[in-house]
Amino acid sequence: MIAASGYYAYLGYLDLINLRDDESEKKREYTYLSFIASGAALIAAVIFLYIAITDTEIEAEISL
């Protein structure tokens, strides 16, 4: 889960830095929002993994 989220955050970052100046305003906005969403998904995955590792009462399995 973290690997996939990290991969999508990386792809979003590449899309963001590769935007040209002549791109439409809509494309710039959607690319920026996509980067924010993939970053939020990465943060959520890290938080879930932290909780799953540290909480002894939780009934979650971690597959590596």
# chains A, B, ... in the order shown; residues from 1 in each chain; ligands from 1
call {"tool": "residues_around", "arguments": {"residues": "Gly12 in chain A", "least_positions_apart": "4", "cutoff": "8 Å", "atoms": "only C-alpha atoms", "output": "JSON, numbers by chain"}}
result
{"A": [8, 16, 31, 34, 35, 38]}
call {"tool": "write_last_selection", "arguments": {"atoms": "C-alpha atoms", "output": "compact mmCIF listing (two decimals), in the first residue's frame"}}
result
# COMPACT_ATOMS: atom_id res chain seq x y z
CA TYR A 8 1.63 7.64 -7.46
CA LEU A 16 3.84 18.78 -11.75
CA THR A 31 -2.34 18.33 -12.14
CA SER A 34 -3.81 15.24 -8.42
CA PHE A 35 -0.43 15.76 -6.76
CA SER A 38 -1.65 11.38 -4.12
call {"tool": "atom_distance", "arguments": {"atom1": "CA of Leu11 in chain A", "atom2": "CA of Ala45 in chain A"}}
result
16.7 Å
call {"tool": "select_by_dssp", "arguments": {"residues": "chain A", "states": "alpha helix (DSSP H)", "output": "PyMOL selection string"}}
result
chain A and resi 2-17+25-54
call {"tool": "write_last_selection", "arguments": {"atoms": "N, CA and C atoms", "output": "compact mmCIF listing (two decimals), in the first residue's frame"}}
result
# COMPACT_ATOMS: atom_id res chain seq x y z
N ILE A 2 1.91 1.26 0.80
CA ILE A 2 2.79 2.43 0.84
C ILE A 2 3.58 2.55 -0.46
N ALA A 3 4.00 1.42 -1.00
CA ALA A 3 4.77 1.46 -2.24
C ALA A 3 3.92 2.04 -3.38
N ALA A 4 2.67 1.61 -3.47
CA ALA A 4 1.80 2.12 -4.53
C ALA A 4 1.51 3.61 -4.31
N SER A 5 1.25 4.01 -3.08
CA SER A 5 0.99 5.42 -2.80
C SER A 5 2.22 6.27 -3.08
N GLY A 6 3.38 5.76 -2.72
CA GLY A 6 4.61 6.48 -3.01
C GLY A 6 4.87 6.61 -4.49
N TYR A 7 4.55 5.55 -5.24
CA TYR A 7 4.73 5.58 -6.68
C TYR A 7 3.82 6.63 -7.32
N TYR A 8 2.55 6.66 -6.89
CA TYR A 8 1.63 7.64 -7.46
C TYR A 8 1.99 9.06 -7.04
N ALA A 9 2.50 9.24 -5.84
CA ALA A 9 2.96 10.57 -5.42
C ALA A 9 4.15 11.00 -6.26
N TYR A 10 5.04 10.07 -6.56
CA TYR A 10 6.19 10.37 -7.41
C TYR A 10 5.75 10.74 -8.82
N LEU A 11 4.81 9.97 -9.38
CA LEU A 11 4.30 10.30 -10.72
C LEU A 11 3.60 11.66 -10.73
N GLY A 12 2.86 11.96 -9.68
CA GLY A 12 2.22 13.26 -9.59
C GLY A 12 3.23 14.38 -9.53
N TYR A 13 4.33 14.16 -8.80
CA TYR A 13 5.39 15.14 -8.73
C TYR A 13 6.04 15.35 -10.09
N LEU A 14 6.29 14.26 -10.81
CA LEU A 14 6.87 14.39 -12.15
C LEU A 14 5.95 15.15 -13.09
N ASP A 15 4.65 14.87 -13.01
CA ASP A 15 3.70 15.62 -13.83
C ASP A 15 3.71 17.10 -13.48
N LEU A 16 3.85 17.39 -12.20
CA LEU A 16 3.84 18.78 -11.75
C LEU A 16 5.06 19.54 -12.24
N ILE A 17 6.23 18.93 -12.14
CA ILE A 17 7.43 19.66 -12.56
C ILE A 17 7.60 19.70 -14.07
N GLU A 25 -5.13 26.37 -18.18
CA GLU A 25 -5.31 26.60 -16.75
C GLU A 25 -5.98 25.40 -16.07
N LYS A 26 -6.92 24.77 -16.77
CA LYS A 26 -7.59 23.57 -16.23
C LYS A 26 -6.59 22.44 -16.00
N LYS A 27 -5.70 22.21 -16.96
CA LYS A 27 -4.73 21.13 -16.82
C LYS A 27 -3.78 21.42 -15.67
N ARG A 28 -3.37 22.67 -15.52
CA ARG A 28 -2.48 23.04 -14.42
C ARG A 28 -3.18 22.79 -13.07
N GLU A 29 -4.44 23.17 -12.99
CA GLU A 29 -5.20 23.00 -11.75
C GLU A 29 -5.39 21.53 -11.42
N TYR A 30 -5.77 20.72 -12.41
CA TYR A 30 -6.01 19.30 -12.16
C TYR A 30 -4.72 18.55 -11.84
N THR A 31 -3.62 18.95 -12.46
CA THR A 31 -2.34 18.33 -12.14
C THR A 31 -1.93 18.64 -10.71
N TYR A 32 -2.13 19.87 -10.29
CA TYR A 32 -1.81 20.26 -8.92
C TYR A 32 -2.69 19.51 -7.92
N LEU A 33 -3.99 19.42 -8.21
CA LEU A 33 -4.89 18.71 -7.32
C LEU A 33 -4.59 17.21 -7.26
N SER A 34 -4.18 16.65 -8.39
CA SER A 34 -3.81 15.24 -8.42
C SER A 34 -2.58 14.99 -7.55
N PHE A 35 -1.62 15.90 -7.60
CA PHE A 35 -0.43 15.76 -6.76
C PHE A 35 -0.79 15.85 -5.28
N ILE A 36 -1.66 16.76 -4.92
CA ILE A 36 -2.08 16.89 -3.52
C ILE A 36 -2.82 15.62 -3.06
N ALA A 37 -3.69 15.09 -3.91
CA ALA A 37 -4.45 13.89 -3.55
C ALA A 37 -3.54 12.68 -3.38
N SER A 38 -2.56 12.53 -4.26
CA SER A 38 -1.65 11.38 -4.12
C SER A 38 -0.75 11.54 -2.90
N GLY A 39 -0.38 12.76 -2.58
CA GLY A 39 0.39 13.00 -1.36
C GLY A 39 -0.43 12.69 -0.11
N ALA A 40 -1.71 13.05 -0.14
CA ALA A 40 -2.59 12.73 0.99
C ALA A 40 -2.77 11.22 1.16
N ALA A 41 -2.86 10.50 0.05
CA ALA A 41 -2.98 9.04 0.11
C ALA A 41 -1.70 8.43 0.69
N LEU A 42 -0.55 8.98 0.35
CA LEU A 42 0.72 8.50 0.90
C LEU A 42 0.78 8.74 2.41
N ILE A 43 0.36 9.90 2.84
CA ILE A 43 0.35 10.21 4.28
C ILE A 43 -0.61 9.27 5.01
N ALA A 44 -1.78 9.01 4.44
CA ALA A 44 -2.74 8.10 5.07
C ALA A 44 -2.17 6.68 5.17
N ALA A 45 -1.44 6.24 4.15
CA ALA A 45 -0.84 4.90 4.19
C ALA A 45 0.23 4.80 5.27
N VAL A 46 1.02 5.85 5.43
CA VAL A 46 2.05 5.85 6.46
C VAL A 46 1.41 5.84 7.85
N ILE A 47 0.36 6.61 8.03
CA ILE A 47 -0.33 6.64 9.32
C ILE A 47 -0.94 5.26 9.62
N PHE A 48 -1.58 4.64 8.64
CA PHE A 48 -2.16 3.32 8.85
C PHE A 48 -1.09 2.30 9.22
N LEU A 49 0.03 2.34 8.53
CA LEU A 49 1.11 1.39 8.83
C LEU A 49 1.66 1.62 10.24
N TYR A 50 1.80 2.86 10.64
CA TYR A 50 2.28 3.17 11.99
C TYR A 50 1.30 2.63 13.04
N ILE A 51 0.01 2.85 12.81
CA ILE A 51 -0.99 2.36 13.78
C ILE A 51 -0.99 0.84 13.81
N ALA A 52 -0.90 0.21 12.65
CA ALA A 52 -0.93 -1.26 12.59
C ALA A 52 0.29 -1.87 13.28
N ILE A 53 1.42 -1.19 13.24
CA ILE A 53 2.63 -1.73 13.88
C ILE A 53 2.63 -1.48 15.38
N THR A 54 2.23 -0.29 15.81
CA THR A 54 2.38 0.08 17.22
C THR A 54 1.20 -0.35 18.10
